[in-house]
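What follows is the content of start_6.txt, which has compact mmCIF, C-alpha atoms and all ligand atoms:
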# COMPACT_ATOMS: atom_id res chain seq x y z
CA MET A 1031 39.31 1.08 1.36
CA ALA A 1032 35.72 -0.10 1.65
CA LEU A 1033 33.76 -1.68 -1.19
CA ILE A 1034 30.06 -1.20 -0.48
CA ALA A 1035 27.35 -2.77 -2.66
CA PHE A 1036 23.89 -1.16 -2.68
CA THR A 1037 21.01 -3.33 -3.90
CA SER A 1038 17.28 -3.85 -3.80
CA ALA A 1039 14.99 -6.80 -4.36
CA SER A 1040 12.12 -4.97 -6.06
CA GLY A 1041 10.20 -1.78 -6.58
CA SER A 1042 12.77 1.02 -7.16
CA PRO A 1043 13.05 2.02 -3.48
CA GLY A 1044 15.69 4.70 -4.19
CA VAL A 1045 19.02 2.85 -4.43
CA SER A 1046 20.59 5.02 -7.16
CA THR A 1047 19.41 8.25 -5.56
CA THR A 1048 20.79 7.25 -2.18
CA VAL A 1049 24.13 6.16 -3.64
CA MET A 1050 24.52 9.53 -5.40
CA ALA A 1051 23.45 11.46 -2.30
CA LEU A 1052 25.91 9.51 -0.14
CA ALA A 1053 28.70 9.99 -2.64
CA TYR A 1054 28.28 13.77 -2.83
CA ASN A 1055 28.22 13.92 0.97
CA TRP A 1056 30.84 11.26 1.69
CA GLY A 1057 33.37 13.63 3.20
CA ALA A 1058 36.32 11.63 1.90
CA PRO A 1059 37.50 10.45 -1.53
CA ALA A 1060 34.94 8.16 -3.15
CA LEU A 1061 34.22 6.37 -6.40
CA VAL A 1062 30.67 5.60 -7.54
CA VAL A 1063 30.24 2.62 -9.85
CA GLU A 1064 26.99 2.24 -11.71
CA ALA A 1065 26.84 -1.53 -12.04
CA ASP A 1066 23.08 -1.75 -12.57
CA PRO A 1067 22.73 -3.76 -15.80
CA THR A 1068 19.39 -2.16 -16.70
CA GLY A 1069 21.01 0.15 -19.28
CA GLY A 1070 20.25 3.77 -19.99
CA SER A 1071 22.90 4.89 -17.50
CA GLY A 1072 20.44 6.55 -15.15
CA MET A 1073 23.24 8.39 -13.37
CA LEU A 1074 24.37 10.16 -16.55
CA VAL A 1075 20.89 11.24 -17.56
CA GLY A 1076 19.51 11.69 -14.05
CA PRO A 1077 21.70 13.66 -11.64
CA LEU A 1078 24.06 14.76 -14.43
CA ARG A 1079 21.22 15.55 -16.87
CA ALA A 1080 23.13 14.15 -19.87
CA GLN A 1081 25.55 17.05 -19.76
CA ARG A 1082 28.59 14.86 -20.50
CA PRO A 1083 27.77 13.39 -23.93
CA GLY A 1084 31.21 11.98 -24.76
CA ALA A 1085 31.75 10.30 -21.41
CA GLY A 1086 33.15 6.79 -21.24
CA CYS A 1087 31.33 4.03 -19.43
CA ILE A 1088 31.79 0.63 -17.85
CA VAL A 1089 31.47 -1.10 -21.23
CA ASP A 1090 34.78 0.51 -22.28
CA LEU A 1091 36.47 -1.80 -19.80
CA LEU A 1092 35.47 -4.94 -21.68
CA ALA A 1093 38.31 -4.81 -24.21
CA ALA A 1094 40.81 -4.04 -21.43
CA GLN A 1095 39.50 -6.98 -19.44
CA GLU A 1096 40.41 -9.38 -22.22
CA SER A 1097 44.05 -8.30 -21.96
CA GLY A 1098 43.99 -8.14 -18.15
CA GLN A 1099 44.36 -4.34 -18.16
CA ILE A 1100 41.23 -3.15 -16.34
CA GLY A 1101 43.21 -1.60 -13.51
CA SER A 1102 45.15 0.72 -15.81
CA LYS A 1103 42.18 1.48 -18.10
CA LEU A 1104 39.81 2.32 -15.24
CA ASP A 1105 41.27 5.74 -14.44
CA SER A 1106 40.91 6.90 -18.05
CA VAL A 1107 37.21 5.98 -18.08
CA LEU A 1108 36.32 7.59 -14.75
CA MET A 1109 34.39 10.85 -14.83
CA PRO A 1110 35.40 13.38 -12.16
CA LEU A 1111 32.36 14.87 -10.42
CA SER A 1112 34.25 16.89 -7.83
CA GLU A 1113 37.73 17.00 -6.35
CA GLN A 1114 37.03 13.97 -4.17
CA LEU A 1115 34.43 12.12 -6.24
CA SER A 1116 34.43 10.23 -9.52
CA LEU A 1117 31.90 8.13 -11.38
CA LEU A 1118 32.12 5.03 -13.53
CA PRO A 1119 28.90 5.30 -15.55
CA GLY A 1120 26.90 2.16 -16.30
CA PRO A 1121 25.92 0.64 -19.64
CA ARG A 1122 23.95 2.86 -21.99
CA SER A 1123 21.71 0.10 -23.27
CA HIS A 1124 20.50 -3.31 -22.19
CA GLU A 1125 22.33 -4.87 -25.18
CA GLN A 1126 25.60 -3.57 -23.78
CA ALA A 1127 24.79 -5.01 -20.38
CA SER A 1128 24.77 -8.61 -21.53
CA GLY A 1129 28.56 -8.54 -22.09
CA LEU A 1130 29.17 -7.33 -18.56
CA ALA A 1131 28.63 -10.71 -16.91
CA ARG A 1132 32.22 -11.64 -17.69
CA LEU A 1133 33.57 -8.30 -16.48
CA TRP A 1134 32.22 -8.41 -12.92
CA PRO A 1135 34.72 -10.84 -11.31
CA SER A 1136 37.82 -8.98 -12.52
CA LEU A 1137 36.26 -5.56 -11.92
CA ALA A 1138 35.42 -6.61 -8.34
CA GLY A 1139 39.09 -7.45 -7.77
CA VAL A 1140 40.23 -4.09 -9.17
CA LEU A 1141 37.67 -2.15 -7.09
CA ARG A 1142 38.85 -3.87 -3.91
CA GLU A 1143 42.31 -2.44 -4.52
CA ARG A 1144 41.20 1.19 -4.91
CA SER A 1145 42.56 3.71 -2.47
CA GLU A 1146 39.20 5.51 -2.08
CA ASP A 1147 35.90 4.09 -0.79
CA VAL A 1148 33.86 2.53 -3.60
CA LEU A 1149 30.06 2.77 -3.61
CA VAL A 1150 28.49 0.43 -6.14
CA ASP A 1151 24.91 0.72 -7.38
CA CYS A 1152 24.23 -2.95 -8.12
CA GLY A 1153 20.56 -2.41 -9.05
CA ARG A 1154 18.11 -5.23 -8.38
CA LEU A 1155 19.47 -8.51 -7.13
CA GLY A 1156 19.11 -11.35 -9.59
CA MET A 1157 18.54 -9.39 -12.82
CA GLY A 1158 20.12 -10.74 -16.01
CA SER A 1159 23.88 -9.91 -15.99
CA TRP A 1160 23.64 -8.65 -12.41
CA PRO A 1161 26.99 -7.94 -10.72
CA ARG A 1162 26.96 -10.95 -8.44
CA ALA A 1163 30.76 -11.01 -8.12
CA ILE A 1164 30.75 -7.45 -6.79
CA VAL A 1165 28.05 -8.28 -4.25
CA GLU A 1166 30.07 -11.33 -3.23
CA SER A 1167 33.28 -9.36 -2.77
CA ALA A 1168 31.83 -6.32 -1.03
CA ASP A 1169 32.74 -5.50 2.57
CA LEU A 1170 29.13 -4.51 3.14
CA VAL A 1171 25.97 -5.28 1.18
CA VAL A 1172 23.19 -2.75 1.72
CA LEU A 1173 19.71 -4.07 0.94
CA ALA A 1174 17.37 -1.11 0.45
CA LEU A 1175 13.61 -1.16 0.61
CA ARG A 1176 10.58 0.93 1.43
CA SER A 1177 8.21 0.05 4.22
CA SER A 1178 5.67 -1.91 2.19
CA LEU A 1179 4.44 -5.47 2.30
CA ARG A 1180 5.28 -5.92 -1.38
CA GLN A 1181 8.90 -4.82 -0.99
CA ALA A 1182 9.34 -6.79 2.25
CA ALA A 1183 7.93 -9.93 0.59
CA ALA A 1184 10.29 -9.57 -2.39
CA ALA A 1185 13.24 -8.96 -0.06
CA SER A 1186 12.61 -11.97 2.14
CA SER A 1187 14.14 -14.71 -0.03
CA TRP A 1188 17.15 -12.51 -0.86
CA ALA A 1189 17.52 -11.60 2.79
CA ARG A 1190 17.64 -15.31 3.65
CA GLU A 1191 20.31 -15.87 1.01
CA LEU A 1192 22.34 -12.85 2.15
CA ALA A 1193 22.02 -13.77 5.82
CA ALA A 1194 22.97 -17.37 5.12
CA GLY A 1195 26.17 -16.16 3.49
CA GLU A 1196 25.25 -17.85 0.20
CA VAL A 1197 25.57 -14.80 -2.00
CA PRO A 1198 28.09 -12.85 0.04
CA GLN A 1199 30.84 -14.86 1.55
CA GLU A 1200 32.66 -13.12 4.38
CA HIS A 1201 30.89 -9.83 4.73
CA GLU A 1202 28.20 -7.93 6.47
CA CYS A 1203 24.70 -7.09 5.26
CA GLY A 1204 22.59 -4.16 6.39
CA LEU A 1205 18.98 -3.18 5.81
CA LEU A 1206 18.31 0.39 4.65
CA LEU A 1207 14.79 1.73 4.95
CA ILE A 1208 14.13 4.55 2.48
CA GLY A 1209 11.14 6.72 3.29
CA LYS A 1210 8.55 6.69 6.03
CA PRO A 1211 8.87 3.91 8.60
CA ARG A 1212 5.18 3.04 8.19
CA PRO A 1213 3.47 0.66 8.33
CA TYR A 1214 6.60 -1.28 9.29
CA PRO A 1215 9.42 0.33 11.27
CA LEU A 1216 13.00 -0.55 10.37
CA ALA A 1217 13.52 -2.72 13.46
CA GLU A 1218 10.47 -4.83 12.60
CA LEU A 1219 11.54 -5.26 8.97
CA ALA A 1220 15.07 -6.18 10.05
CA LYS A 1221 13.76 -8.74 12.52
CA HIS A 1222 11.38 -10.22 9.99
CA LEU A 1223 14.05 -10.41 7.30
CA GLY A 1224 16.86 -11.53 9.62
CA ILE A 1225 19.22 -8.73 8.49
CA LYS A 1226 20.87 -6.14 10.70
CA ALA A 1227 19.10 -2.74 10.66
CA LEU A 1228 21.50 -0.22 9.14
CA ALA A 1229 19.72 3.13 8.83
CA GLU A 1230 16.70 5.10 7.62
CA ILE A 1231 16.73 7.71 4.88
CA ALA A 1232 14.10 10.40 5.39
CA TRP A 1233 11.25 10.74 2.91
CA ASP A 1234 11.60 13.99 0.95
CA SER A 1235 10.75 13.96 -2.75
CA SER A 1236 12.15 17.40 -3.58
CA SER A 1237 15.49 16.78 -1.89
CA ALA A 1238 15.78 13.29 -3.37
CA HIS A 1239 15.05 14.82 -6.80
CA VAL A 1240 18.37 16.71 -6.57
CA TYR A 1241 20.25 13.39 -6.67
CA SER A 1242 17.90 11.33 -8.85
CA ASP A 1243 17.16 13.90 -11.56
CA GLY A 1244 19.46 16.88 -11.05
CA GLY A 1245 16.61 18.98 -9.65
CA ALA A 1246 17.24 22.34 -8.02
CA ALA A 1247 17.87 22.15 -4.29
CA PRO A 1248 14.72 23.13 -2.41
CA ARG A 1249 14.82 25.87 0.20
CA SER A 1250 16.21 24.57 3.49
CA PHE A 1251 17.82 21.62 1.66
CA ALA A 1252 21.04 22.16 3.64
CA VAL A 1253 19.25 21.66 6.96
CA SER A 1254 16.70 19.09 5.77
CA ALA A 1255 16.02 15.81 7.58
CA TYR A 1256 16.86 14.16 4.24
CA LEU A 1257 20.38 15.55 4.10
CA ARG A 1258 20.87 14.83 7.80
CA SER A 1259 19.94 11.18 7.25
CA ILE A 1260 22.32 10.98 4.29
CA THR A 1261 25.28 12.55 6.12
CA ALA A 1262 24.64 10.37 9.18
CA LEU A 1263 24.71 7.24 7.03
CA ALA A 1264 27.83 8.41 5.19
CA ALA A 1265 29.57 8.92 8.54
CA LYS A 1266 28.45 5.50 9.76
CA LEU A 1267 29.68 3.70 6.66
CA ARG A 1268 32.93 5.63 6.54
CA SER A 1269 33.80 5.62 10.20
CA PRO A 1270 35.66 2.31 10.54
CA HIS A 1271 38.21 3.66 8.07
CA ASP A 1272 38.49 7.05 9.74
CA SER A 1273 39.57 5.38 12.95
CA GLN A 1274 42.30 3.31 11.31
N1 LIG A 1301 14.33 9.47 0.34
C1 LIG A 1301 13.51 9.68 -0.69
N2 LIG A 1301 12.37 10.41 -0.53
C2 LIG A 1301 11.53 10.60 -1.57
N3 LIG A 1301 11.73 10.13 -2.80
C3 LIG A 1301 12.84 9.41 -3.02
C4 LIG A 1301 13.79 9.14 -1.99
N4 LIG A 1301 14.81 8.42 -2.52
C5 LIG A 1301 14.51 8.25 -3.82
N5 LIG A 1301 13.34 8.84 -4.13
C6 LIG A 1301 12.70 8.88 -5.44
O1 LIG A 1301 12.35 7.55 -5.80
C7 LIG A 1301 12.41 7.39 -7.21
C8 LIG A 1301 13.21 6.13 -7.53
O2 LIG A 1301 14.55 6.35 -7.12
P1 LIG A 1301 15.76 5.54 -7.74
O3 LIG A 1301 15.78 5.62 -9.22
O4 LIG A 1301 16.95 5.96 -6.98
O5 LIG A 1301 15.36 4.04 -7.32
P2 LIG A 1301 16.15 2.70 -7.59
O6 LIG A 1301 15.96 1.86 -6.38
O7 LIG A 1301 17.53 2.99 -8.02
O8 LIG A 1301 15.32 2.10 -8.80
P3 LIG A 1301 15.73 1.00 -9.89
O9 LIG A 1301 15.74 -0.32 -9.19
O10 LIG A 1301 14.65 1.11 -10.91
O11 LIG A 1301 17.10 1.40 -10.40
C9 LIG A 1301 13.02 8.67 -7.76
O12 LIG A 1301 11.98 9.46 -8.30
C10 LIG A 1301 13.62 9.38 -6.55
O13 LIG A 1301 13.61 10.80 -6.64
MG MG A 1302 18.57 2.54 -9.73
Show the structure stored in the file as structure tokens.
Amino acid sequence: MALIAFTSASGSPGVSTTVMALAYNWGAPALVVEADPTGGSGMLVGPLRAQRPGAGCIVDLLAAQESGQIGSKLDSVLMPLSEQLSLLPGPRSHEQASGLARLWPSLAGVLRERSEDVLVDCGRLGMGSWPRAIVESADLVVLALRSSLRQAAAASSWARELAAGEVPQEHECGLLLIGKPRPYPLAELAKHLGIKALAEIAWDSSSAHVYSDGGAAPRSFAVSAYLRSITALAAKLRSPHDSQ
């Protein structure tokens, strides 16, 4: 199924939050991989509020990688979040992350073979130990940003590289605008950056807090513009596979 890499160029636009929100509203089996090398496993302490202390994480795959066994080890490290959703948590510390550089190419190959859709939080492009091989092997690379001059400026050199096919080889890239489309609407950002406009995620701090920090769902969450934008994007990303 699809391997989708979510990234940003700067400024914490909301990549991890959006990946979690999409995953919980995917409507089909999905696997979330936290491949952000920052450390601290934001997904374990954020949306899951550190309620799974003994959980395995991506670093547990390193030993298996040396013996070419990542595929068989992966299932034992995955954390089920619901019947249709599981999570591969990221590294717990930045020291752990440095070893991951050698894991990414083989992990990318294993993720491409999964039977469910795989949503990968790749964190910021270009960080030390960043999962370049996963970005290169993804079917779709989503570059997320907010509508600000600073984030657009940081995204422009990466957008050129993505559009030129230097980082990804044979795959699509899409621009995801998180938050208000002001001062720059999505179409203008996409034109300026030379990347196809993918979607907008509505600005809503309380709803986003549910997926970034395990906050309580606000009243009218179920009918919020935020959730509508998330489910619409999930349907858009999933749909090519539904029609197969
Ligand atoms: N659509 C949204 N509306 C309002 N706030 C949002 C939205 N999406 C995310 N946020 C908030 O933005 C903050 C940063 O989100 P998040 O940690 O997902 O960013 P990130 O891009 O993953 O950052 P980093 O690059 O540091 O990993 C969080 O407080 C989150 O609740
Ligand atoms: Mg993040």
Would you mind listing, for every residue of chain A within 8 Å of ligand LIG 1301 (chain A), the two atoms forming the shortest contact and the distance between them in Å to one decimal, using only C-alpha atoms and all ligand atoms, sorted by chain and ascending residue number, as JSON lines?
{"residue": "A:Thr1037", "atom": "CA", "partner": "A:LIG1301", "partner_atom": "O6", "distance": 7.7}
{"residue": "A:Ser1038", "atom": "CA", "partner": "A:LIG1301", "partner_atom": "O6", "distance": 6.4}
{"residue": "A:Ser1040", "atom": "CA", "partner": "A:LIG1301", "partner_atom": "O9", "distance": 6.7}
{"residue": "A:Gly1041", "atom": "CA", "partner": "A:LIG1301", "partner_atom": "O9", "distance": 6.3}
{"residue": "A:Ser1042", "atom": "CA", "partner": "A:LIG1301", "partner_atom": "O8", "distance": 3.2}
{"residue": "A:Pro1043", "atom": "CA", "partner": "A:LIG1301", "partner_atom": "O6", "distance": 4.1}
{"residue": "A:Gly1044", "atom": "CA", "partner": "A:LIG1301", "partner_atom": "O5", "distance": 3.2}
{"residue": "A:Val1045", "atom": "CA", "partner": "A:LIG1301", "partner_atom": "O6", "distance": 3.8}
{"residue": "A:Ser1046", "atom": "CA", "partner": "A:LIG1301", "partner_atom": "O4", "distance": 3.8}
{"residue": "A:Thr1047", "atom": "CA", "partner": "A:LIG1301", "partner_atom": "O4", "distance": 3.6}
{"residue": "A:Thr1048", "atom": "CA", "partner": "A:LIG1301", "partner_atom": "N4", "distance": 6.1}
{"residue": "A:Val1049", "atom": "CA", "partner": "A:LIG1301", "partner_atom": "O4", "distance": 7.9}
{"residue": "A:Asp1066", "atom": "CA", "partner": "A:LIG1301", "partner_atom": "O11", "distance": 7.1}
{"residue": "A:Thr1068", "atom": "CA", "partner": "A:LIG1301", "partner_atom": "O11", "distance": 7.6}
{"residue": "A:Gly1072", "atom": "CA", "partner": "A:LIG1301", "partner_atom": "O3", "distance": 7.6}
{"residue": "A:Asp1151", "atom": "CA", "partner": "A:LIG1301", "partner_atom": "O7", "distance": 7.7}
{"residue": "A:Gly1153", "atom": "CA", "partner": "A:LIG1301", "partner_atom": "O9", "distance": 5.3}
{"residue": "A:Arg1154", "atom": "CA", "partner": "A:LIG1301", "partner_atom": "O9", "distance": 5.5}
{"residue": "A:Ala1174", "atom": "CA", "partner": "A:LIG1301", "partner_atom": "O6", "distance": 7.6}
{"residue": "A:Leu1175", "atom": "CA", "partner": "A:LIG1301", "partner_atom": "O6", "distance": 8.0}
{"residue": "A:Ile1208", "atom": "CA", "partner": "A:LIG1301", "partner_atom": "N1", "distance": 5.4}
{"residue": "A:Gly1209", "atom": "CA", "partner": "A:LIG1301", "partner_atom": "N1", "distance": 5.1}
{"residue": "A:Ile1231", "atom": "CA", "partner": "A:LIG1301", "partner_atom": "N1", "distance": 5.4}
{"residue": "A:Ala1232", "atom": "CA", "partner": "A:LIG1301", "partner_atom": "N1", "distance": 5.1}
{"residue": "A:Trp1233", "atom": "CA", "partner": "A:LIG1301", "partner_atom": "N2", "distance": 3.6}
{"residue": "A:Asp1234", "atom": "CA", "partner": "A:LIG1301", "partner_atom": "N2", "distance": 3.9}
{"residue": "A:Ser1235", "atom": "CA", "partner": "A:LIG1301", "partner_atom": "C2", "distance": 3.6}
{"residue": "A:Ser1236", "atom": "CA", "partner": "A:LIG1301", "partner_atom": "C2", "distance": 7.1}
{"residue": "A:Ser1237", "atom": "CA", "partner": "A:LIG1301", "partner_atom": "N2", "distance": 7.2}
{"residue": "A:Ala1238", "atom": "CA", "partner": "A:LIG1301", "partner_atom": "O13", "distance": 4.6}
{"residue": "A:His1239", "atom": "CA", "partner": "A:LIG1301", "partner_atom": "O13", "distance": 4.3}
{"residue": "A:Val1240", "atom": "CA", "partner": "A:LIG1301", "partner_atom": "O13", "distance": 7.6}
{"residue": "A:Tyr1241", "atom": "CA", "partner": "A:LIG1301", "partner_atom": "O13", "distance": 7.1}
{"residue": "A:Ser1242", "atom": "CA", "partner": "A:LIG1301", "partner_atom": "O13", "distance": 4.9}
{"residue": "A:Asp1243", "atom": "CA", "partner": "A:LIG1301", "partner_atom": "O13", "distance": 6.8}
{"residue": "A:Tyr1256", "atom": "CA", "partner": "A:LIG1301", "partner_atom": "N1", "distance": 6.6}
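In terms of minimum interatomic distance to A:Gly1098, A:Leu1137 ranks closest within A:Leu1137, A:Ala1265, A:Leu1149, A:Ala1035, counting all atoms listed in the file.
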message: The residues within 10 Å of (9.6, -6.5, 4.0), using only C-alpha atoms and the coordinates of the file, should be reported as a ChimeraX atom specification; which are they?
response: /A:1039,1175-1186,1189,1207,1214-1216,1218-1223
query: Which residues, protein or nucleic acid, reach to within 10 Å of (23.5, 12.2, 5.2) in the file's coordinates when using all atoms listed in the file, and can you give that as a PyMOL selection string?
result: chain A and resi 1048+1051-1056+1231-1232+1254-1266
field: Nearest candidate to A:Leu1104 (options A:Val1148, A:Ile1088, A:Ala1246, A:Ala1168; using only C-alpha atoms)
entry: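 Nearest candidate to A:Leu1104 out of A:Val1148, A:Ile1088, A:Ala1246, A:Ala1168: A:Ile1088.
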Shortest interatomic distance to A:Met1109 - which of A:Glu1125, A:Leu1130, A:Pro1135, A:Leu1078, counting only C-alpha atoms: A:Leu1078
message: Counting all atoms listed in the file, which residue out of A:Leu1092, A:Leu1117, A:Ser1167, A:Leu1155 sits closest to ligand MG 1302 (chain A)?
response: A:Leu1155
- prompt: In Å to one decimal, how far is atom CA of A:Leu1267 from atom CA of A:Leu1228?
  reply: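 Distance between the two atoms: 9.4 Å.
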How big is the axis-aligned box around all listed atoms of stretch 1240-1243 of chain A once 8 Å goes on each side, and where's its centre, in Å to one decimal, as AutoDock Vina command-line options?
--center_x 18.7 --center_y 14.0 --center_z -9.1 --size_x 19.1 --size_y 21.4 --size_z 21.0
message: Using Å and a single decimal, report how far atom CA of A:Phe1036 sits from atom CA of A:Leu1111.
response: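 If I compute the distance from atom CA of A:Leu1111 to atom CA of A:Phe1036, I get 19.7 Å.
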- request: Rounded to one decimal place, report the atom CA of A:Asp1147-atom CA of A:Ala1058 distance in Å.
  value: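 A separation of 8.0 Å between them.
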